[in-house]
Each structure stands twice: as C-alpha cells, then as structure tokens.
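Q: Below are the structure tokens for one structure; questions will follow.
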Amino acid sequence: MKLDNVLAVSGHPGLYRLVTTRTNGLIVEDFDSGKRNFISLRKHQFTPLESVGIYTYQDVVKLEDIFLKIKGSGDPVPAPNASPQELHAFLREILPDYDEDRVFLSDIKKLIKWYLFLDQRSLISASDEEE
C-alpha cells in the first residue's frame with residue numbers, strides 16, 4: 001500500500017489520488033470515477049495521508065502501519081458514528097499505547113473513514129507489509 005499520492009482535501013468528501021502539481025493548485029483524480037479536477041491552493045487545504053500519524057506515548061505511528069494492523073487483525077471495524085467508548089476501545093485494541101490526551105475522537109473517526117474508504121477499493125493489502 002502506497003499512501004504517498006493519496007490526499008484528503010478540505011471541503012471535498014473522500015480521498016483523492018494526486019496526479020500532478022501546479023503553482024496555484026493540484027490536479028487530483030477521483031478513485032471511483034477516474035475524473036480529474038483542478039483544486040486551488042487558495043480555497044482548500046491538502047493532507048497527504050503519508051504524513052499523517054497517530055501519537056503514542058513513545059513516538060508517532062504512521063497511518064500506513066495502523067491500516068495494516070487493522071487489516072491483519074481480522075476484527076470487525078466499527079462504524080465511524082459508533083459510540084465514543086466503542087471507538088476508543090477499537091483503537092486501544094489496535095494500538096494499545098496511543099496517547100489518549102492527544103488523539104481525539106474526531107481523529108479516530110477520520111482514521112476509520114479513511115480505512116473503510118481505502119479497504120472498499122482494495123487499496124490496502126497485507127502483502128505490502130512485507131516490502
């Protein structure tokens with residue numbers, strides 16, 4: 001699984017694949033339709049998933065590693081709108097030493113939404129963990 005070209009864009013639902021950059025914005029591609037759009041840097045913020053991590057008490061764990069742990073666990077993933085206790089318990093099971101003071105409920109919801117989005121499109125595979 002390569003997250004280096006996967007982006008979250010503020011104001012747009014879902015995730016996008018980065019096609020190319022321009023001086024005033026980015027050209028992104030929708031995973032489902034393959035449609036390409038120009039998105040301006042002035043109006044939107046971009047979050048490459050490669051740069052996202054979850055705080056633990058010792059270090060920061062990359063999002064890619066967490067996705068592979070979720071995939072490898074085989075446990076059912078709760079819905080993003082599940083109870084806060086259920087979401088925290090799920091993350092505690094996947095990443096036991098996550099920093100509960102710095103990882104908010106909204107972060108866990110985004111993590112689950114992104115995981116489900118990528119998993120539904122078969123973009124997460126355990127074979128990439130070996131590379």
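Identifiers in this document derive from the order of the structure tokens: chains are assigned A, B, ..., residues are numbered from 1 separately in each chain, and ligands are numbered from 1 in order of occurrence.
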What's around segment 50-64 of chain A at 9 Å? Count only C-alpha atoms, leave out sequence neighbours fewer than 6 positions away in its own chain, and write the answer as a list in words.
A: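 Once the nearby chain positions are removed, what remains is Met1, Lys2, Leu3, Asp4, Asn5, Val6, Leu7, Leu95, Pro96, Asp97, Tyr98, Asp99, Glu100, Arg102, Val103, Asp107, Leu111 and Ile124 of chain A.
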Q: Residues at most 10 Å from Glu29 of chain A, counting only C-alpha atoms, excluding those fewer than 4 positions away in the same chain, as a PDB file with C-alpha atoms, in the first residue's frame?
A:
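Saved as around.pdb:
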```pdb
ATOM      1  CA  VAL A   6      -3.357   9.766  -1.587  1.00  0.00           C
ATOM      2  CA  LEU A   7      -4.793  13.078  -0.369  1.00  0.00           C
ATOM      3  CA  LEU A  15      -9.881  10.698  -0.710  1.00  0.00           C
ATOM      4  CA  TYR A  16      -8.158  11.554  -3.970  1.00  0.00           C
ATOM      5  CA  ARG A  17      -5.096  10.459  -5.914  1.00  0.00           C
ATOM      6  CA  LEU A  18      -2.564  13.194  -6.686  1.00  0.00           C
ATOM      7  CA  VAL A  19      -1.918  13.434 -10.429  1.00  0.00           C
ATOM      8  CA  THR A  20       0.307  16.496 -10.652  1.00  0.00           C
ATOM      9  CA  SER A  33     -14.862   7.696 -11.490  1.00  0.00           C
ATOM     10  CA  GLY A  34     -11.292   8.469 -12.546  1.00  0.00           C
ATOM     11  CA  LYS A  35     -12.395  12.046 -13.190  1.00  0.00           C
ATOM     12  CA  ARG A  36      -9.646  14.632 -12.783  1.00  0.00           C
ATOM     13  CA  ASN A  37     -10.204  18.022 -11.163  1.00  0.00           C
ATOM     14  CA  PHE A  38      -8.097  21.091 -10.518  1.00  0.00           C
TER      15      PHE A  38
END
```
Q: Just checking: using only C-alpha atoms, which residue out of A:Ala79, A:Ala8, A:Ser125, A:Arg42 ends up closest to Val28 of chain A?
A: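 So, comparing all the options, the nearest one is A:Ala8.
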Q: Counting only C-alpha atoms, what is within 9 Å of Ile94 of chain A, bar same-chain residues fewer than 3 positions away, as a list of chain:residue names?
A: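 That gives A:Ile66, A:Lys69, A:Ile70, A:Ser73, A:Ala89, A:Phe90, A:Leu91.
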Q: Keeping only N, CA and C atoms, write the selected residues to a file as an mmCIF file, in the first residue's frame.
A:
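As written to disk, result_31.cif reads:
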```cif
data_model
loop_
_atom_site.group_PDB
_atom_site.id
_atom_site.type_symbol
_atom_site.label_atom_id
_atom_site.label_comp_id
_atom_site.auth_asym_id
_atom_site.auth_seq_id
_atom_site.Cartn_x
_atom_site.Cartn_y
_atom_site.Cartn_z
ATOM 1 N N ILE A 66 -0.843 1.556 10.842
ATOM 2 C CA ILE A 66 -2.104 1.332 11.556
ATOM 3 C C ILE A 66 -3.109 0.632 10.643
ATOM 4 N N LYS A 69 -2.256 -2.956 10.515
ATOM 5 C CA LYS A 69 -2.624 -3.650 11.754
ATOM 6 C C LYS A 69 -4.123 -3.942 11.787
ATOM 7 N N ILE A 70 -4.928 -2.980 11.337
ATOM 8 C CA ILE A 70 -6.378 -3.182 11.299
ATOM 9 C C ILE A 70 -6.709 -4.313 10.333
ATOM 10 N N SER A 73 -5.657 -7.698 11.775
ATOM 11 C CA SER A 73 -6.329 -8.160 12.988
ATOM 12 C C SER A 73 -7.550 -9.022 12.680
ATOM 13 N N ALA A 89 -12.138 1.982 22.372
ATOM 14 C CA ALA A 89 -11.791 0.584 22.649
ATOM 15 C C ALA A 89 -11.192 -0.074 21.408
ATOM 16 N N PHE A 90 -11.726 0.245 20.232
ATOM 17 C CA PHE A 90 -11.190 -0.300 18.991
ATOM 18 C C PHE A 90 -9.754 0.159 18.772
ATOM 19 N N LEU A 91 -9.495 1.455 18.931
ATOM 20 C CA LEU A 91 -8.143 1.962 18.726
ATOM 21 C C LEU A 91 -7.190 1.416 19.783
#
```
Q: Kindly give the distance, in Å, that separates atom CA of Leu123 of chain A and atom CA of Ala82 of chain A, rounded to a single decimal.
A: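 According to the coordinates, atom CA of Leu123 of chain A and atom CA of Ala82 of chain A are separated by 23.9 Å.
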Q: Using only C-alpha atoms, which protein or nucleic acid residues come within 10 Å of Ser106 of chain A? Drop anything in the same chain fewer than 4 positions from it, and give the result as a ChimeraX atom specification.
A: /A:80,84,110-112
Q: With C-alpha atoms kept, could you save the residues just selected as a PDB file, in the first residue's frame?
A:
```pdb
ATOM      1  CA  PRO A  80     -17.396   5.971  12.298  1.00  0.00           C
ATOM      2  CA  PRO A  84     -17.095   7.106  21.677  1.00  0.00           C
ATOM      3  CA  LYS A 110     -11.268  10.045  10.336  1.00  0.00           C
ATOM      4  CA  LEU A 111      -8.947   7.072  10.716  1.00  0.00           C
ATOM      5  CA  ILE A 112     -11.876   4.666  10.406  1.00  0.00           C
TER       6      ILE A 112
END
```
Q: Which parts of chain A does DSSP call helix (DSSP H, G or I) when run on the backbone here, written out as a PyMOL selection string?
A: chain A and resi 49-51+63-73+84-94+105-120+126-130
Q: Take the residues that were just selected and, keeping N, CA and C atoms, output them as a compact mmCIF listing (two decimals), in the first residue's frame.
A:
```txt
# COMPACT_ATOMS: atom_id res chain seq x y z
N LEU A 49 -1.90 11.56 3.08
CA LEU A 49 -2.04 10.55 4.12
C LEU A 49 -0.69 9.99 4.56
N GLU A 50 0.30 10.12 3.71
CA GLU A 50 1.64 9.66 4.06
C GLU A 50 2.21 10.43 5.26
N SER A 51 1.78 11.67 5.43
CA SER A 51 2.32 12.50 6.51
C SER A 51 1.51 12.41 7.80
N LEU A 63 0.24 6.20 9.62
CA LEU A 63 -1.10 5.76 9.28
C LEU A 63 -1.08 4.45 8.50
N GLU A 64 -0.11 4.29 7.64
CA GLU A 64 0.02 3.07 6.85
C GLU A 64 0.19 1.85 7.76
N ASP A 65 0.99 1.98 8.80
CA ASP A 65 1.20 0.87 9.74
C ASP A 65 -0.08 0.53 10.49
N ILE A 66 -0.84 1.56 10.84
CA ILE A 66 -2.10 1.33 11.56
C ILE A 66 -3.11 0.63 10.64
N PHE A 67 -3.18 1.05 9.37
CA PHE A 67 -4.09 0.40 8.42
C PHE A 67 -3.74 -1.08 8.27
N LEU A 68 -2.46 -1.38 8.21
CA LEU A 68 -2.04 -2.78 8.07
C LEU A 68 -2.36 -3.59 9.33
N LYS A 69 -2.26 -2.96 10.51
CA LYS A 69 -2.62 -3.65 11.75
C LYS A 69 -4.12 -3.94 11.79
N ILE A 70 -4.93 -2.98 11.34
CA ILE A 70 -6.38 -3.18 11.30
C ILE A 70 -6.71 -4.31 10.33
N LYS A 71 -6.09 -4.29 9.16
CA LYS A 71 -6.34 -5.32 8.15
C LYS A 71 -5.92 -6.70 8.66
N GLY A 72 -4.77 -6.75 9.33
CA GLY A 72 -4.26 -8.02 9.81
C GLY A 72 -4.98 -8.57 11.03
N SER A 73 -5.66 -7.70 11.77
CA SER A 73 -6.33 -8.16 12.99
C SER A 73 -7.55 -9.02 12.68
N PRO A 84 -18.49 6.75 21.38
CA PRO A 84 -17.09 7.11 21.68
C PRO A 84 -16.35 6.00 22.43
N GLN A 85 -17.04 5.32 23.33
CA GLN A 85 -16.39 4.24 24.07
C GLN A 85 -15.97 3.11 23.14
N GLU A 86 -16.84 2.78 22.19
CA GLU A 86 -16.53 1.71 21.25
C GLU A 86 -15.35 2.09 20.34
N LEU A 87 -15.31 3.36 19.90
CA LEU A 87 -14.22 3.80 19.03
C LEU A 87 -12.89 3.81 19.76
N HIS A 88 -12.89 4.30 21.00
CA HIS A 88 -11.65 4.30 21.79
C HIS A 88 -11.20 2.87 22.08
N ALA A 89 -12.14 1.98 22.37
CA ALA A 89 -11.79 0.58 22.65
C ALA A 89 -11.19 -0.07 21.41
N PHE A 90 -11.73 0.25 20.23
CA PHE A 90 -11.19 -0.30 18.99
C PHE A 90 -9.75 0.16 18.77
N LEU A 91 -9.49 1.46 18.93
CA LEU A 91 -8.14 1.96 18.73
C LEU A 91 -7.19 1.42 19.78
N ARG A 92 -7.68 1.26 21.00
CA ARG A 92 -6.85 0.71 22.08
C ARG A 92 -6.45 -0.74 21.77
N GLU A 93 -7.34 -1.45 21.10
CA GLU A 93 -7.05 -2.84 20.73
C GLU A 93 -6.00 -2.88 19.61
N ILE A 94 -6.09 -1.96 18.66
CA ILE A 94 -5.16 -1.92 17.53
C ILE A 94 -3.82 -1.31 17.95
N LEU A 105 -11.44 12.09 19.51
CA LEU A 105 -12.48 11.25 18.92
C LEU A 105 -12.60 11.52 17.42
N SER A 106 -12.50 12.77 17.02
CA SER A 106 -12.59 13.11 15.59
C SER A 106 -11.45 12.48 14.80
N ASP A 107 -10.27 12.34 15.41
CA ASP A 107 -9.14 11.68 14.74
C ASP A 107 -9.44 10.21 14.51
N ILE A 108 -10.04 9.55 15.49
CA ILE A 108 -10.37 8.13 15.37
C ILE A 108 -11.43 7.94 14.28
N LYS A 109 -12.41 8.86 14.23
CA LYS A 109 -13.45 8.77 13.20
C LYS A 109 -12.85 8.92 11.81
N LYS A 110 -11.92 9.87 11.63
CA LYS A 110 -11.27 10.04 10.34
C LYS A 110 -10.46 8.81 9.97
N LEU A 111 -9.74 8.28 10.94
CA LEU A 111 -8.95 7.07 10.72
C LEU A 111 -9.83 5.94 10.18
N ILE A 112 -10.97 5.74 10.82
CA ILE A 112 -11.88 4.67 10.41
C ILE A 112 -12.50 4.97 9.04
N LYS A 113 -12.90 6.21 8.79
CA LYS A 113 -13.46 6.57 7.49
C LYS A 113 -12.46 6.34 6.38
N TRP A 114 -11.21 6.78 6.59
CA TRP A 114 -10.18 6.60 5.57
C TRP A 114 -9.88 5.12 5.36
N TYR A 115 -9.81 4.36 6.44
CA TYR A 115 -9.55 2.92 6.31
C TYR A 115 -10.66 2.26 5.50
N LEU A 116 -11.91 2.53 5.83
CA LEU A 116 -13.03 1.92 5.12
C LEU A 116 -13.05 2.33 3.65
N PHE A 117 -12.74 3.59 3.38
CA PHE A 117 -12.70 4.08 2.00
C PHE A 117 -11.66 3.31 1.19
N LEU A 118 -10.45 3.19 1.74
CA LEU A 118 -9.38 2.50 1.03
C LEU A 118 -9.62 0.99 0.94
N ASP A 119 -10.18 0.42 2.00
CA ASP A 119 -10.42 -1.02 2.02
C ASP A 119 -11.53 -1.41 1.03
N GLN A 120 -12.55 -0.59 0.89
CA GLN A 120 -13.63 -0.88 -0.06
C GLN A 120 -13.12 -0.87 -1.49
N ALA A 126 -2.20 -6.73 2.80
CA ALA A 126 -1.21 -7.16 3.77
C ALA A 126 0.09 -7.56 3.10
N SER A 127 0.08 -7.87 1.81
CA SER A 127 1.31 -8.27 1.13
C SER A 127 2.29 -7.10 1.02
N ASP A 128 1.79 -5.86 1.08
CA ASP A 128 2.67 -4.70 1.03
C ASP A 128 3.49 -4.58 2.30
N GLU A 129 3.04 -5.17 3.39
CA GLU A 129 3.75 -5.09 4.65
C GLU A 129 5.11 -5.75 4.55
N GLU A 130 5.23 -6.79 3.71
CA GLU A 130 6.49 -7.50 3.56
C GLU A 130 7.53 -6.67 2.84
```
Q: From a DSSP pass on the backbone, collect the residues of segment 24-102 of chain A flagged as strand (DSSP E) and hand them back as a short mmCIF file (atom, residue, chain, number, x, y, z; two decimals) with C-alpha atoms, in the first residue's frame.
A:
```
data_model
loop_
_atom_site.label_atom_id
_atom_site.label_comp_id
_atom_site.auth_asym_id
_atom_site.auth_seq_id
_atom_site.Cartn_x
_atom_site.Cartn_y
_atom_site.Cartn_z
CA GLY A 25 -3.09 24.16 -7.05
CA LEU A 26 -3.19 20.44 -7.61
CA ILE A 27 -4.78 18.17 -10.15
CA VAL A 28 -6.40 15.23 -8.36
CA GLU A 29 -8.20 12.14 -9.58
CA ASP A 30 -11.30 10.59 -8.07
CA ARG A 36 -9.65 14.63 -12.78
CA ASN A 37 -10.20 18.02 -11.16
CA PHE A 38 -8.10 21.09 -10.52
CA ILE A 39 -8.26 22.19 -6.88
CA SER A 40 -6.97 25.62 -5.93
CA PHE A 46 -4.45 19.25 1.32
CA THR A 47 -3.42 16.47 3.69
CA PRO A 48 -1.24 13.74 2.22
CA GLY A 53 0.33 9.61 12.14
CA ILE A 54 -1.20 8.70 15.50
CA TYR A 55 0.50 9.80 18.70
CA VAL A 60 4.21 8.67 16.28
CA VAL A 61 2.93 5.64 14.35
CA LYS A 62 2.42 6.08 10.62
#
```
